[in-house]
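Asker: I have a structure here, written as C-alpha cells, and I will follow up with some questions on it.
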Amino acid sequence: MNISEIFLKNWRNLAEINFRPDSTINIFLGKNAQGKTNILEAINFASLLRSRAGKETELIRWGETAAILRIKYFKAGVPHELAIEISSEQKRRIFLDANPIRPRELIGKLNSVFFSPEDLFMFKSSPMTRRKFLDAQISQASPIYFLDLLKYNRLVEIRNVLLKKIRDDSAQEEELDLWDEQLAFAAEKVISKRLSSVDKLNLLANSVQSKLSAQAENLSAVYEMRGLDSRQDIAKNFLEILRARRLKDIQNGSTGFGAHRDDLKFFINGKELKLFASQGQLRTAALALKLSELKFLKSETGEYPLLLLDDVMSELDSDRRELLLEFLCCEKIQTLITATDRAYFPPRNFGKIFLINAGVLSGGT
C-alpha cells in the first residue's frame with residue numbers, strides 16, 4: 001500500500017496543503033502545535049474514522065464550515081482516490097473513486113498503523129483501550145469482522161435497554177431468551193476471530209521483541225475471556241453464562257459479561273507487563289507490538305499498511321531508533337514520521353523531509 005498524494009483543506013489548523021510523499025520514509029519537522037500530528041491523524045481518520053476530537057466538527061478549521069480530506073493511493077497495484085468531507089451544516093460524506101460509500105464500507109480500504117506516545121501507556125490503561133487496539137487491527141484485515149463486531153455491540157445495547165425495562169417492570173424476563181441466543185452466536189464470531197488473531201500476533205510480537213532486546217526478552221499476549229474457560233462451544237457456553245447471570249444483569253440494568261468486557265494482557269518473560277515492566281521494557285514492548293501489527297496486516301492482506309509515527313523518536317533511545325529505521329528501510333514500508341528535532345535521525349538519505357510551521361508545509365526534498 002502506498003500513498004501518492006494527500007490534499008487537506010481546513011483540517012484542524014491546516015488551511016490547505018497538498019503534497020506527494022515519498023514511497024519510503026517521510027519526516028515532518030517542526031515545533032509543537034504547528035500541525036504535524038494533524039497530517040498523520042487525517043490519514044488515520046481515513047483508515048478508521050477515529051480522531052482525538054470529541055466531535056467530528058472539531059476537525060474543521062476554526063472559522064470555517066467544512067473540511068476536506070483527499071488521498072490518492074495504490075492498493076495491490078490498483079490506483080484509488082478516497083475523499084472525506086466533514087461539514088458543520090450537513091452529514092459527513094465519504095467517496096471512494098468518486099462513488100459515495102457508507103462509513104462501514106470504508107474500513108479496510110486504506111490500512112494504516114498509528115504509533116504515538118500514548119501507546120506507551122496502553123499496557124497500563126483500561127481493558128477498553130486494549131480491546132480497541134485489537135479490534136482496529138483485525139477490522140482493517142477483515143472488514144467482515146468489523147461488521148460482526150458492530151452487530152455484537154448493537155445486540156448488547158438492545159439487551160441493556162430490555163434489562164432496564166424488566167427491572168422497571170415494563171417488560172417480561174422471557175423476552176431476553178431470543179436476544180440472548182442472538183448475542184451468544186454473535187459473540188462466538190467476535191471472540192473466535194480475536195483468539196485466532198492473538199495467536200498470530202503472539203508469534204510476531206515475540207519475534208520482534210526478541211530482536212529488539214538482543215534475545216533477552218519474550219513478549220506474549222493472552223486474550224482473557226472473563227467467564228469462559230474453553231475455546232470450544234463458545235456460543236453454547238456463552239448462552240449458559242448469560243442465563244446464569246440473568247438476575248444480576250437485570251438488577252444492574254446492563255450486560256456484565258461478554259466480548260465487550262474481555263481483556264488483552266501482555267507478559268514479558270512470564271510476568272505481566274503492567275505490573276512488573278520497567279519504562280524501557282514498556283517502550284520496547286510498545287514498539288514490538290506496532291511492528292508486529294505491521295507484519296500481521298501484511299500476513300492477512302498481502303501488503304504492508306502505512307506506518308504513522310507521531311513524535312515517538314523522542315521516546316526511544318538511539319539504538320532503538322536505528323533499529324526501527326533500518327527495519328522500515330529494509331521492508332520498504334511507506335512511513336510518515338513527525339519530530340521536533342532533526343538530530344533524532346542519523347545522517348543518511350531519507351525519502352523526503354518536510355518542514356511545518358503554523359500549519360504551512362514546505363520542503364519535501
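To be explicit about the labels: the chains of the C-alpha cells are called A, B, and onward in the order shown, and within each one the residues are counted from 1, while ligands get numbers from 1 in the order they are shown.
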Run DSSP on the backbone and grab whatever in region 132-353 of chain A lands in strand (DSSP E); send it over as an MDAnalysis selection string.

Answerer: chainID A and resid 219:224 263:268 271:272 306:310 335:339 352:353

Asker: Could you list, as a list in words, every residue within 12 Å of Asp319 (chain A), counting only C-alpha atoms and ignoring same-chain residues fewer than 4 positions away?

Answerer: Lys211, Leu212, Ser213, Ala214, Thr284, Met313, Glu315, Leu323, Leu324, Leu325, Glu326, Tyr344, Phe345 and Pro346 of chain A

Asker: Out of region 59-176 of chain A, which residues get helix (DSSP H, G or I) from DSSP, as a VMD selection string?

Answerer: chain A and resid 59 103 to 106 117 to 124 127 to 141 143 to 167 173 to 176

Asker: In terms of the shortest atom-to-atom distance over only C-alpha atoms, which of A:Lys248, A:Lys274, A:Arg52, A:Lys298 is closest to Phe121 (chain A)?

Answerer: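 Between A:Lys248, A:Lys274, A:Arg52, A:Lys298, the residue approaching Phe121 (chain A) most closely is A:Lys274.
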
Asker: Could you list, as an mmCIF file with N, CA and C atoms, in the first residue's frame, every residue within 9 Å of Ser47 (chain A), counting only C-alpha atoms and ignoring same-chain residues fewer than 4 positions away?

Answerer:
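Saved as out16.cif:
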```
data_model
loop_
_atom_site.group_PDB
_atom_site.id
_atom_site.type_symbol
_atom_site.label_atom_id
_atom_site.label_comp_id
_atom_site.auth_asym_id
_atom_site.auth_seq_id
_atom_site.Cartn_x
_atom_site.Cartn_y
_atom_site.Cartn_z
ATOM 1 N N ALA A 42 -5.137 12.798 10.105
ATOM 2 C CA ALA A 42 -6.050 12.819 8.965
ATOM 3 C C ALA A 42 -5.983 11.489 8.212
ATOM 4 N N ILE A 43 -4.773 10.961 8.040
ATOM 5 C CA ILE A 43 -4.617 9.671 7.360
ATOM 6 C C ILE A 43 -5.231 8.556 8.190
ATOM 7 N N LEU A 106 -15.842 1.753 4.576
ATOM 8 C CA LEU A 106 -14.526 2.377 4.499
ATOM 9 C C LEU A 106 -13.443 1.508 5.136
ATOM 10 N N ILE A 107 -13.784 0.793 6.207
ATOM 11 C CA ILE A 107 -12.792 0.023 6.952
ATOM 12 C C ILE A 107 -12.138 -1.021 6.051
ATOM 13 N N GLY A 108 -10.792 -1.018 6.053
ATOM 14 C CA GLY A 108 -10.049 -1.966 5.241
ATOM 15 C C GLY A 108 -9.656 -1.438 3.875
ATOM 16 N N LYS A 109 -10.115 -0.238 3.530
ATOM 17 C CA LYS A 109 -9.766 0.323 2.222
ATOM 18 C C LYS A 109 -8.368 0.941 2.229
ATOM 19 N N LEU A 110 -8.055 1.721 3.264
ATOM 20 C CA LEU A 110 -6.745 2.378 3.381
ATOM 21 C C LEU A 110 -6.171 1.994 4.747
ATOM 22 N N ASN A 111 -5.358 0.987 4.794
ATOM 23 C CA ASN A 111 -4.858 0.475 6.066
ATOM 24 C C ASN A 111 -3.660 1.261 6.578
ATOM 25 N N SER A 112 -3.662 1.522 7.881
ATOM 26 C CA SER A 112 -2.539 2.250 8.486
ATOM 27 C C SER A 112 -2.349 1.783 9.923
ATOM 28 N N GLN A 140 -9.223 -3.884 10.084
ATOM 29 C CA GLN A 140 -8.555 -3.482 8.855
ATOM 30 C C GLN A 140 -8.193 -4.688 7.991
#
```

Asker: So that I can see what lies close to Glu175 (chain A), please list as a ChimeraX atom specification the residues with an atom at most 10 Å from it, counting only C-alpha atoms and leaving out residues fewer than 2 positions away in the same chain.

Answerer: /A:159,162-163,166,171-173,177-180

Asker: I need the residues from that last selection saved to file as a compact mmCIF listing (two decimals), in the first residue's frame (with C-alpha atoms), if you can.

Answerer:
```txt
# COMPACT_ATOMS: atom_id res chain seq x y z
CA ARG A 159 -30.25 -6.25 25.64
CA LEU A 162 -34.50 -4.57 27.75
CA LEU A 163 -32.79 -5.35 31.09
CA ILE A 166 -37.53 -5.67 33.04
CA ALA A 171 -41.10 -5.86 30.17
CA GLN A 172 -41.07 -9.60 30.83
CA GLU A 173 -37.94 -11.62 31.65
CA ASP A 177 -34.48 -15.54 25.53
CA LEU A 178 -34.39 -14.60 21.84
CA TRP A 179 -31.88 -11.77 22.31
CA ASP A 180 -29.60 -13.93 24.45
```

Asker: List the neighbours of Ile333 (chain A) out to 12 Å using only C-alpha atoms; skip same-chain residues closer than 6 positions along the sequence, and give me the result as a PDB file with N, CA and C atoms, in the first residue's frame.

Answerer:
```pdb
ATOM      1  N   MET A   1       0.851  -1.194   0.000  1.00  0.00           N
ATOM      2  CA  MET A   1       0.000   0.000   0.000  1.00  0.00           C
ATOM      3  C   MET A   1       0.881   1.235   0.000  1.00  0.00           C
ATOM      4  N   ASN A   2       0.485   2.215  -0.818  1.00  0.00           N
ATOM      5  CA  ASN A   2       1.347   3.381  -0.977  1.00  0.00           C
ATOM      6  C   ASN A   2       0.516   4.612  -1.319  1.00  0.00           C
ATOM      7  N   ILE A   3       0.706   5.681  -0.553  1.00  0.00           N
ATOM      8  CA  ILE A   3       0.030   6.948  -0.847  1.00  0.00           C
ATOM      9  C   ILE A   3       0.847   7.735  -1.868  1.00  0.00           C
ATOM     10  N   ASP A  22       7.070  10.566  -0.305  1.00  0.00           N
ATOM     11  CA  ASP A  22       7.939   9.575  -0.915  1.00  0.00           C
ATOM     12  C   ASP A  22       7.406   8.182  -0.580  1.00  0.00           C
ATOM     13  N   SER A  23       7.794   7.207  -1.363  1.00  0.00           N
ATOM     14  CA  SER A  23       7.310   5.842  -1.137  1.00  0.00           C
ATOM     15  C   SER A  23       8.005   5.165   0.032  1.00  0.00           C
ATOM     16  N   THR A  24       9.029   5.829   0.618  1.00  0.00           N
ATOM     17  CA  THR A  24       9.731   5.237   1.758  1.00  0.00           C
ATOM     18  C   THR A  24       9.465   6.064   3.012  1.00  0.00           C
ATOM     19  N   ILE A  25      10.485   6.727   3.528  1.00  0.00           N
ATOM     20  CA  ILE A  25      10.349   7.462   4.788  1.00  0.00           C
ATOM     21  C   ILE A  25      10.151   8.951   4.538  1.00  0.00           C
ATOM     22  N   ASN A  26       9.166   9.519   5.223  1.00  0.00           N
ATOM     23  CA  ASN A  26       8.870  10.946   5.145  1.00  0.00           C
ATOM     24  C   ASN A  26       8.908  11.530   6.553  1.00  0.00           C
ATOM     25  N   SER A 112      -3.662   1.522   7.881  1.00  0.00           N
ATOM     26  CA  SER A 112      -2.539   2.250   8.486  1.00  0.00           C
ATOM     27  C   SER A 112      -2.349   1.783   9.923  1.00  0.00           C
ATOM     28  N   VAL A 113      -1.142   1.948  10.412  1.00  0.00           N
ATOM     29  CA  VAL A 113      -0.804   1.690  11.811  1.00  0.00           C
ATOM     30  C   VAL A 113      -0.300   2.988  12.408  1.00  0.00           C
ATOM     31  N   LEU A 291       5.313  -2.953  15.392  1.00  0.00           N
ATOM     32  CA  LEU A 291       5.969  -3.610  14.257  1.00  0.00           C
ATOM     33  C   LEU A 291       5.290  -4.942  13.942  1.00  0.00           C
ATOM     34  N   LEU A 294       2.211  -4.325  11.930  1.00  0.00           N
ATOM     35  CA  LEU A 294       2.539  -4.193  10.507  1.00  0.00           C
ATOM     36  C   LEU A 294       2.618  -5.563   9.851  1.00  0.00           C
ATOM     37  N   LYS A 295       3.349  -6.469  10.502  1.00  0.00           N
ATOM     38  CA  LYS A 295       3.528  -7.804   9.956  1.00  0.00           C
ATOM     39  C   LYS A 295       2.201  -8.575   9.922  1.00  0.00           C
ATOM     40  N   LYS A 298       0.184  -7.362   6.991  1.00  0.00           N
ATOM     41  CA  LYS A 298       0.755  -7.869   5.741  1.00  0.00           C
ATOM     42  C   LYS A 298       0.401  -9.336   5.541  1.00  0.00           C
ATOM     43  N   GLU A 303       0.078  -7.080   1.861  1.00  0.00           N
ATOM     44  CA  GLU A 303       0.985  -5.945   1.744  1.00  0.00           C
ATOM     45  C   GLU A 303       0.999  -5.149   3.045  1.00  0.00           C
ATOM     46  N   TYR A 304       2.117  -4.428   3.258  1.00  0.00           N
ATOM     47  CA  TYR A 304       2.237  -3.632   4.473  1.00  0.00           C
ATOM     48  C   TYR A 304       1.270  -2.456   4.445  1.00  0.00           C
ATOM     49  N   PRO A 305       0.716  -2.086   5.598  1.00  0.00           N
ATOM     50  CA  PRO A 305      -0.069  -0.855   5.683  1.00  0.00           C
ATOM     51  C   PRO A 305       0.872   0.345   5.767  1.00  0.00           C
ATOM     52  N   LEU A 306       0.304   1.531   5.799  1.00  0.00           N
ATOM     53  CA  LEU A 306       1.087   2.742   6.045  1.00  0.00           C
ATOM     54  C   LEU A 306       1.458   2.783   7.520  1.00  0.00           C
ATOM     55  N   LEU A 307       2.625   3.326   7.822  1.00  0.00           N
ATOM     56  CA  LEU A 307       3.030   3.478   9.217  1.00  0.00           C
ATOM     57  C   LEU A 307       3.104   4.961   9.548  1.00  0.00           C
ATOM     58  N   LEU A 308       2.404   5.340  10.611  1.00  0.00           N
ATOM     59  CA  LEU A 308       2.342   6.724  11.059  1.00  0.00           C
ATOM     60  C   LEU A 308       2.971   6.813  12.439  1.00  0.00           C
ATOM     61  N   LEU A 324      14.681   0.656  14.348  1.00  0.00           N
ATOM     62  CA  LEU A 324      13.387   0.933  13.725  1.00  0.00           C
ATOM     63  C   LEU A 324      13.560   1.417  12.296  1.00  0.00           C
ATOM     64  N   LEU A 325      14.426   2.398  12.088  1.00  0.00           N
ATOM     65  CA  LEU A 325      14.632   2.946  10.754  1.00  0.00           C
ATOM     66  C   LEU A 325      15.209   1.906   9.804  1.00  0.00           C
ATOM     67  N   GLU A 326      16.094   1.083  10.323  1.00  0.00           N
ATOM     68  CA  GLU A 326      16.672   0.021   9.499  1.00  0.00           C
ATOM     69  C   GLU A 326      15.598  -0.967   9.049  1.00  0.00           C
ATOM     70  N   PHE A 327      14.714  -1.309   9.971  1.00  0.00           N
ATOM     71  CA  PHE A 327      13.626  -2.223   9.643  1.00  0.00           C
ATOM     72  C   PHE A 327      12.719  -1.627   8.565  1.00  0.00           C
ATOM     73  N   GLY A 351      13.685   9.540   2.250  1.00  0.00           N
ATOM     74  CA  GLY A 351      12.883   9.853   1.081  1.00  0.00           C
ATOM     75  C   GLY A 351      12.638  11.347   0.935  1.00  0.00           C
TER      76      GLY A 351
END
```

Asker: May I have the residues within 9 Å of His80 (chain A) as a compact mmCIF listing (two decimals) with N, CA and C atoms, in the first residue's frame, using only C-alpha atoms and disregarding those fewer than 4 positions away in the same chain?

Answerer:
```
# COMPACT_ATOMS: atom_id res chain seq x y z
N ILE A 71 -7.13 11.62 -0.48
CA ILE A 71 -5.91 10.83 -0.54
C ILE A 71 -5.93 9.95 -1.78
N LYS A 72 -4.87 10.06 -2.56
CA LYS A 72 -4.68 9.15 -3.70
C LYS A 72 -3.67 8.09 -3.29
N TYR A 73 -4.02 6.84 -3.57
CA TYR A 73 -3.14 5.76 -3.11
C TYR A 73 -3.24 4.55 -4.03
N PHE A 74 -2.28 3.65 -3.86
CA PHE A 74 -2.27 2.40 -4.61
C PHE A 74 -2.44 1.24 -3.62
N LYS A 75 -3.34 0.34 -3.94
CA LYS A 75 -3.53 -0.86 -3.14
C LYS A 75 -3.50 -2.06 -4.07
N LEU A 96 -15.24 6.90 -2.52
CA LEU A 96 -14.13 6.07 -2.98
C LEU A 96 -14.20 5.99 -4.49
N ASP A 97 -13.17 6.50 -5.14
CA ASP A 97 -13.12 6.56 -6.60
C ASP A 97 -14.36 7.25 -7.15
```

Asker: Please provide the set of residues having any atom within 12 Å of Phe238 (chain A), restricted to only C-alpha atoms, with same-chain residues fewer than 6 positions apart removed, written as JSON, numbers by chain.

Answerer: {"A": [180, 181, 182, 183, 184, 185, 186, 187, 188, 189, 191, 225, 226, 227, 228, 229, 230, 231, 232, 244, 245, 257, 258, 259]}

Asker: A:Glu58, A:Ser192, A:His260, A:Asn237: which is nearest Leu150 (chain A), counting only C-alpha atoms?

Answerer: A:His260

Asker: How many Å separate CA of Glu105 (chain A) from CA of Glu118 (chain A)?

Answerer: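 One can read the CA of Glu105 (chain A) to CA of Glu118 (chain A) distance as 27.9 Å.
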
Asker: Grab the CA of Leu82 (chain A) to CA of Thr338 (chain A) distance for me, in Å with one decimal place.

Answerer: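 So the two atoms, CA of Leu82 (chain A) and CA of Thr338 (chain A), lie 22.9 Å apart.
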
Asker: Nearest to Glu16 (chain A) among A:Arg70, A:Arg154, A:Arg194, A:Lys55, with distances taken over only C-alpha atoms: which residue is it?

Answerer: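 Checking each of A:Arg70, A:Arg154, A:Arg194, A:Lys55 against Glu16 (chain A), counting only C-alpha atoms, the winner is A:Arg70.
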
Asker: Which distance in Å separates CA of Leu355 (chain A) and CA of Asn32 (chain A), to one decimal?

Answerer: 12.2 Å
